[in-house]
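The block underneath contains the structure these notes are about, expressed in structure tokens.
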Amino acid sequence: MSKKTVGILLVLALLLSSLLPAASLAEDTAAYELSPKTAEAVAEGLVNLDGTLPIITDPDAFEAKYGKISMLFVNSADRTVPVEDLVMVKRWEEDTGIRFDWQSIPADGASEKIALILASGDNLPDVIWNFGDGKSSSTVITYLDQDVFMPTEKLIEQFCPTLVKIFNENPKYNMEATAPDGHKYGFPYIEQMYGLVLTPGPLLINTVWLDEVGMEMPTTVDELTAVLEAFKAAGDLNGNGIDDEIPMATSFGSEDTFGSYDAFYRFTGAFGCEDSYCGGNKYSDHLRIIDGKVVYTALDEAMGKTAMYFHDLYTKGLLNKDCFDVGSDSGSSTNYRNNELAQDTALIGVMGCWTDMEILNNEVRHQYAAIPQLTGEAGTTGNALNYSEMQDACDTAITADCEFPEVVAAFVEYMISDPALSIQSNWGAVGYNYYLADDGVLRFNLDENGDIIPVAPYTSFGTMRVNTTPCRGSMVVLNEYYDTVAEYAYDAKTLLEGQKINGKEADLAKYDTLPKIMLTTDEQAAVARIYDPLADTVDRYVTDWVLNGNVEETWDAYQAEMQAAGVEQLVEIYQAAIDRINSAE
Amino acid sequence: MTGNRALPRKTQEKSTLMRILGGWQLYVLLIPALVCLIVFAYYPMYGLVIAFKNFKIRAGILASPWADPIFKYFTQFFSTSIAVNAIVNTVLLSLYQLLFAFWVPIVFALLLNQVRNATIRKTIQTISYAPYFLSNVVLVCIISVLFSANGVVNNVITGFGGEIKLFTSQAQYFRPLYIGSGIWQTMGFNAIVFIAALVGISPEYYEAAVIDGASKLQRILRIDIPLIMPTIVLMFILAVGNIMTVGYEKAYLMQASGNTTVSEIISTYVYKVGLQSAQYSFATAVGLFNAVINFIILVLANSLSRRLADISIF
Amino acid sequence: MNSNKNSVPGMVFTRPTRADRVFDIVNGIIMALVCVVIFYPLYYVVLASMTDPKIVNTGRLLFYPESFYTAGYAKAMEYPALLSGYQNTVLYTVMSVVFSVSVTVPAAYALSRIDLVGRRVLIFLFTFTMFFSGGLIPMFLTIKMLGIYNTAWALVLPAGVSVYNLIVCRSFFDTSIPLELLEASKLDGCSDFGFFFKIAIPLSSTIIAVMVLFYATSMWNTFFNALMFIQDDSKMPLQVVLRNLVLSNQLSQGSSASELAERQKIIDQLKYVIITLSALPLIIVYPFVQKYFAAGVTIGAVKG
């Protein structure tokens with residue numbers, strides 16, 4: 001078709017759609033057909049789908065006739081209140097009249113349990129609230145052609161105008177939420193925080209120590225080395241008489257969600273093509289889009305040069321001794337995060353961390369400031385992560401057995417269309433995590449140290465959060481809500497500022513990260529098979545290089561091993577997915 | 001275990017049917033175990049066929065379509081760069097374990113048996129048995145506390161002026177640490193079987209030996225070892241038949257970037273693959289491959305042992 | 001109770017030879033070393049479960065609780081599910097031991113009789129299942145089909161017969177019940193049942209004790225099967241509860257610094273606490289089981 005024809009058709013379509021009355025949807029059968037049971041319930045007046053509340057007008061009668069809509073829920077271990085008794089859950093019930101039958105399973109072994117439930121052949125739960133953090137899209141893909149989940153794009157179009165608007169304004173989310181078969185499944189969980197999770201936590205330096213050695217804030221990587229050497233030579237910087245000062249702390253191979261503790265990858269940008277690495281989206285590590293092409297950036301010579309830089313630091317004794325010891329889980333005592341940061345004196349000169357609240361002692365914490373971008377021979381430090389603020393694309397997934405998908409869609413719209421409700425559903429209820437200030441904004445009740453004052457019987461923000469709301473489901477928090485509807489997360493403020501000083505904006509602008517796209521079932525299975533050997537090889541060579549400085553001798557072997565392990569196949573798979581998405585737009 | 005004892009003449013003369021009917025009580029003793037076996041082991045065995053099918057979870061195992069080609073998942077495994085390395089690592093780890101860890105509980109049992117004071121003996125036994133209850137997570141936690149770069153052992157080494165050894169992150173320490181901690185954990189428990197065997201040795205043998213002037217060492221070598229040899233051989237056959245079965249948990253927890261060349265074994269690889277997308281066919285295919293190899297080795301070891309020493313499982 | 005095999009009643013006491021004394025000394029040293037090597041890490045764990053984590057995390061050698069810190073235990077005791085976890089595990093363990101031992105021991109005896117027709121075939125059938133298993137999904141479907149999902153039986157029955165234990169048990173019957181004994185009792189008109197219940201079992205207190213120990217240990221440590229085959233939280237066994245205890249204290253997002261401080265301290269200590277809590281009962285019980293490791297009295301029976 002010629003562009004002119006397309007244009008005319010588009011205008012006609014727009015005109016026609018604007019003429020359609022936004023009236024009772026039950027009569028609009030030309031656009032959308034209700035599922036049989038829903039149609040029946042609407043006809044009897046039990047269900048109300050015109051966008052107002054309540055959605056189920058007579059919960060008792062509905063329950064008597066159809067039973068409850070079952071909701072499978074992956075519980076977290078720190079929740080002590082049963083799901084159906086959570087404050088927010090009760091509020092949802094009151095507002096919408098929908099009584100879900102919550103079936104909770106522990107987070108341990110949740111994916112096996114879900115597989116067993118699917119395999120057992122009898123009735124699937126109607127809806128699955130969540131799958132474990134970030135796992136919704138990969139689970140949906142695993143079962144894509146097996147008649148497990150119900151497509152939701154038509155439901156969204158019909159019953160979730162707020163979501164339609166969000167997708168229109170954020171085409172990236174739309175792309176990430178669409179499966180290769182063109183359908184959407186479930187509903188998104190979006191937590192915008194001004195791009196907080198899109199780069200690692202800040203790289204910090206101890207300003208008190210800097211003053212004591214009489215040096216300026218470093219601006220290049222070589223100046224940083226000089227500062228570290230000065231830290232080491234200065235002796236007892238923290239004044240406790242013990243030789244326990246660590247100039248720089250890092251944790252090679254750390255798998256934390258936002259890649260904050262492994263300093264290696266931050267520096268790759270200073271030596272060439274920057275690489276990225278984060279535990280939160282493991283299967284896209286070391287990948288970038290450069291000029292429309294997917295590139296495996298860990299093959300770039302920047303890796304070798306960065307390794308030599310760290311080798312230099314390591315042999316000079318400027319790194320922490322246990323930098324190669326990665327704990328088997330995040331609670332290990334061998335990681336500097338759980339050990340040195342918990343002490344009452346400053347032990348580390350330069351390090352990365354997520355929120356500086358992890359430096360537990362208040363005085364020590366105030367000694368640290370973020371380092372601005374350092375320049376190296378070929379660029380600047382800092383990198384962006386292959387993460388998305390739409391942390392889950394397919395939560396509140398409707399299964400094929402659900403008889404009231406429209407009711408669920410209307411429920412999602414109810415949650416998303418009310419910003420204050422979304423905020424509380426995400427972070428905790430009013431009266432616990434928030435209080436409603438006079439200006440109508442939800443605010444935190446903080447003490448003089450900036451810590452939250454918990455409400456009994458809970459002792460922390462985290463426990464209040466999980467015990468008042470199920471968290472992570474299909475809810476949306478947008479940037480525009482901050483300071484209009486609610487305060488920005490109190491412990492993320494310094495984090496965000498630190499990131500900005502590190503050069504967050506510049507990093508995000510450098511290259512395109514790989515979006516969190518959904519692959520086909522076969523592609524996903526293939527990636528799962530070759531991904532870990534590749535990542536392990538990278539880690540192994542980096543460790544070897546940092547320890548022994550033998551980049552030149554082993555570079556060819558590295559490249560050859562990566563080829564043998566299938567790096568090209570990986571790139572091809574992602575390239576095909578990107579091309580597919582681009583051509584669909 | 002077949003013994004080399006002749007059947008009394010009377011039983012040999014009866015026909016097979018008569019012998020079956022005559023021994024009906026023995027079959028009754030067997031029935032509960034057989035039922036358990038059939039219901040919980042043989043009946044679910046049809047699940048092995050997943051390895052050859054393109055498993056569709058809602059359709060169920062039997063109704064899923066066959067994989068195309070039928071050995072698809074096997075070829076997928078073997079075509080990865082990691083397959084050969086993982087198999088080698090698995091086999092080596094098991095062999096080293098046999099070499100270094102198998103005889104330790106035996107020696108321990110023999111030595112313990114010579115401790116005269118009964119209370120001390122029981123105390124030692126109880127202590128030795130305790131580590132068995134630690135789960136793998138806990139064991140690796142202890143290993144990292146003791147052997148990490150800042151850990152107890154390295155502190156002792158630097159105290160003596162040595163250099164830090166990266167026990168937990170370098171490849172050359174992985175196997176010693178894995179097997180050593182395994183010995184530490186299971187020596188006491190595995191010795192129980194041998195201790196119980198030693199308990200059954202009649203004191204008459206010792207009487208006679210003491211009269212003949214045999215020393216303790218000689219009594220161990222001439223009496224204890226030969227008399228528990230059937231148990232030893234049996235345990236050995238069972239151990240050999242588990243060569244391909246190295247569980248994923250401990251190796252996975254002990255993996256670090258520096259040691260994946262030796263710590264990536266078959267089970268850790270399959271586990272990691274399954275983390276991203278549930279691949280039951282793939283995992284079952286690999287498991288089936290392992291089981292077949294194990295079984296072949298067991299049958300070989302069994303018949304070898306039967307021929308050489310008349311000790312076998314079947 | 002092991003009788004002291006090195007002094008036989010009625011024998012003239014002879015001085016231990018020099019070779020024996022050397023042996024005893026060497027043996028003593030080895031045993032002492034073994035005890036230290038095994039005991040110290042366990043002792044360290046118990047210490048760490050009540051010492052201030054800041055000290056523990058420095059990786060120093062500990063010999064006594066340098067700074068008492070029982071918050072870990074307090075946290076564990078407060079955990080509501082702990083008691084039910086213990087109760088459930090005790091129940092499951094007792095059930096498992098009773099069921100499995102009463103199924104395994106008779107079968108092992110039967111398989112030890114060389115006059116059993118089809119013996120080799122049967123043993124082969126048992127051994128085969130040690131290697132080939134259908135996997136999680138068929139087992140789950142079987143359990144569902146039998147209607148035992150979310151009950152204690154879902155844990156006890158699938159593990160009902162461990163072929164490994166069966167083989168070990170059978171080998172004991174092979175070696176410790178002499179054929180002459182069987183022949184003699186048959187001459188006296190004893191049936192197979194009679195021989196089994198009246199003679200074989202009393203002679204086998206050791207192996208039965210071993211079987212009890214093996215099955216009890218296995219059921220006490222059961223974790224994954226419980227996760228898969230049990231639905232209600234109230235029925236979860238100890239290992240699952242303890243793991244939840246550790247998980248529930250993991251650092252969650254949005255925690256304040258002072259709360260993080262507390263959690264940091266507790267998180268590693270909790271791991272030590274749960275080891276102590278889960279292993280200690282079995283270690284305490286073990287000496288009682290040890291009593292049954294008695295020497296067989298076969299010789300007297302035959303000679304008479």
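Residue numbers start at 1 in each chain; chains themselves are named A, B, ... in the order of the structure tokens; ligands are numbered from 1 in the order shown.
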
* To do: Find the residues near Ala130 of chain B: any atom within 8 Å, counting only C-alpha atoms, skip ones fewer than 6 places away on the same chain, and give them as a PyMOL selection string.
  => (chain B and resi 188) or (chain C and resi 279+283)

Mind dumping the selected residues with C-alpha atoms as a compact mmCIF listing (two decimals), in the first residue's frame?
```txt
# COMPACT_ATOMS: atom_id res chain seq x y z
CA GLY B 188 31.31 -41.34 60.95
CA ALA C 279 21.00 -31.53 64.47
CA ILE C 283 22.73 -36.35 68.19
```

* To do: Show which residues sit within 10 Å of segment 78-92 of chain B, as a VMD selection string. Count only C-alpha atoms, and ignore same-chain residues fewer than 3 positions away.
  => (chain A and resid 529 to 530 532 to 534 561 to 566) or (chain B and resid 73 to 75 95 to 98 175 242 to 247 260 to 269 286 290)

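Taking atom CA of Tyr173 of chain A and atom CA of Phe258 of chain A as endpoints, the distance between them is 19.5 Å.
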
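Atom pair atom CA of Thr175 of chain C / atom CA of Leu198 of chain B has a distance of 11.3 Å (rounded to one decimal).
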
* To do: as a ChimeraX atom specification, please: all residues of segment 262-356 of chain A that backbone DSSP puts in helix (DSSP H, G or I).
  => /A:264-271,279-284,297-299,302-315,340-342,356

Atoms kept (N, CA and C atoms) for selection, written as a short mmCIF file (atom, residue, chain, number, x, y, z; two decimals), in the first residue's frame:
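After the write, out.cif holds the following:
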```cif
data_model
loop_
_atom_site.label_atom_id
_atom_site.label_comp_id
_atom_site.auth_asym_id
_atom_site.auth_seq_id
_atom_site.Cartn_x
_atom_site.Cartn_y
_atom_site.Cartn_z
N PHE A 264 34.23 -4.26 38.60
CA PHE A 264 34.93 -4.48 37.33
C PHE A 264 34.19 -3.85 36.16
N TYR A 265 32.89 -4.14 36.06
CA TYR A 265 32.19 -3.74 34.86
C TYR A 265 31.98 -2.24 34.75
N ARG A 266 32.05 -1.57 35.90
CA ARG A 266 31.92 -0.11 35.82
C ARG A 266 33.05 0.51 35.04
N PHE A 267 34.23 -0.13 35.11
CA PHE A 267 35.40 0.49 34.54
C PHE A 267 35.61 0.15 33.07
N THR A 268 34.83 -0.81 32.56
CA THR A 268 35.07 -1.21 31.17
C THR A 268 34.86 -0.04 30.23
N GLY A 269 33.93 0.85 30.59
CA GLY A 269 33.66 1.98 29.70
C GLY A 269 34.87 2.89 29.56
N ALA A 270 35.74 2.88 30.57
CA ALA A 270 36.90 3.77 30.49
C ALA A 270 37.96 3.24 29.54
N PHE A 271 37.85 1.99 29.17
CA PHE A 271 38.89 1.38 28.34
C PHE A 271 38.38 0.97 26.98
N GLY A 279 22.66 -9.16 38.22
CA GLY A 279 22.02 -10.43 38.55
C GLY A 279 20.54 -10.44 38.26
N GLY A 280 19.95 -9.27 38.09
CA GLY A 280 18.50 -9.20 37.96
C GLY A 280 17.99 -9.62 36.60
N ASN A 281 18.85 -9.60 35.59
CA ASN A 281 18.38 -10.01 34.27
C ASN A 281 19.50 -10.82 33.64
N LYS A 282 19.81 -11.89 34.31
CA LYS A 282 21.03 -12.65 34.03
C LYS A 282 21.19 -13.03 32.58
N TYR A 283 20.12 -13.33 31.92
CA TYR A 283 20.28 -13.91 30.58
C TYR A 283 20.51 -12.87 29.50
N SER A 284 20.64 -11.61 29.91
CA SER A 284 21.03 -10.61 28.92
C SER A 284 22.33 -9.93 29.29
N THR A 297 29.34 -7.69 24.33
CA THR A 297 30.40 -6.75 24.64
C THR A 297 31.53 -7.33 25.46
N ALA A 298 31.33 -8.51 26.02
CA ALA A 298 32.44 -9.06 26.80
C ALA A 298 33.58 -9.55 25.93
N LEU A 299 33.39 -9.50 24.61
CA LEU A 299 34.46 -9.93 23.73
C LEU A 299 35.39 -8.78 23.37
N ALA A 302 38.25 -4.04 25.65
CA ALA A 302 38.13 -3.27 26.90
C ALA A 302 38.19 -4.20 28.11
N MET A 303 37.68 -5.42 27.95
CA MET A 303 37.70 -6.39 29.05
C MET A 303 39.13 -6.66 29.49
N GLY A 304 39.99 -6.90 28.49
CA GLY A 304 41.38 -7.20 28.82
C GLY A 304 42.07 -6.03 29.49
N LYS A 305 41.80 -4.85 28.97
CA LYS A 305 42.47 -3.67 29.54
C LYS A 305 41.99 -3.39 30.95
N THR A 306 40.69 -3.54 31.16
CA THR A 306 40.17 -3.35 32.52
C THR A 306 40.79 -4.37 33.45
N ALA A 307 40.94 -5.59 32.95
CA ALA A 307 41.53 -6.64 33.80
C ALA A 307 42.95 -6.28 34.17
N MET A 308 43.70 -5.72 33.22
CA MET A 308 45.07 -5.33 33.54
C MET A 308 45.08 -4.22 34.59
N TYR A 309 44.13 -3.32 34.48
CA TYR A 309 44.04 -2.24 35.47
C TYR A 309 43.81 -2.82 36.86
N PHE A 310 42.89 -3.78 36.93
CA PHE A 310 42.61 -4.39 38.23
C PHE A 310 43.76 -5.27 38.69
N HIS A 311 44.44 -5.87 37.74
CA HIS A 311 45.61 -6.68 38.10
C HIS A 311 46.63 -5.81 38.79
N ASP A 312 46.81 -4.62 38.23
CA ASP A 312 47.72 -3.66 38.83
C ASP A 312 47.30 -3.36 40.28
N LEU A 313 46.01 -3.08 40.45
CA LEU A 313 45.51 -2.78 41.79
C LEU A 313 45.71 -3.97 42.72
N TYR A 314 45.44 -5.17 42.17
CA TYR A 314 45.51 -6.35 43.03
C TYR A 314 46.93 -6.62 43.49
N THR A 315 47.89 -6.53 42.55
CA THR A 315 49.26 -6.84 42.94
C THR A 315 49.83 -5.79 43.87
N GLU A 340 32.46 -5.85 56.29
CA GLU A 340 33.08 -4.56 56.58
C GLU A 340 32.07 -3.43 56.73
N LEU A 341 31.00 -3.47 55.94
CA LEU A 341 30.06 -2.36 56.01
C LEU A 341 29.25 -2.38 57.30
N ALA A 342 29.31 -3.48 58.00
CA ALA A 342 28.52 -3.57 59.22
C ALA A 342 29.28 -3.12 60.45
N ASP A 356 23.13 3.48 50.30
CA ASP A 356 24.17 3.71 51.31
C ASP A 356 23.66 3.40 52.71
#
```

* Quick one: which residues from chain A are at most 6 Å off chain C, using only C-alpha atoms, as a ChimeraX atom specification? -> /A:77-78,357,360,451,461-462

* Please provide as a PyMOL selection string all residues within 10 Å of Asn426 of chain A, with the sequence filter that same-chain residues fewer than 3 positions apart are discarded (counting only C-alpha atoms). => chain A and resi 88+189-191+420-423+429+465-466+468-477
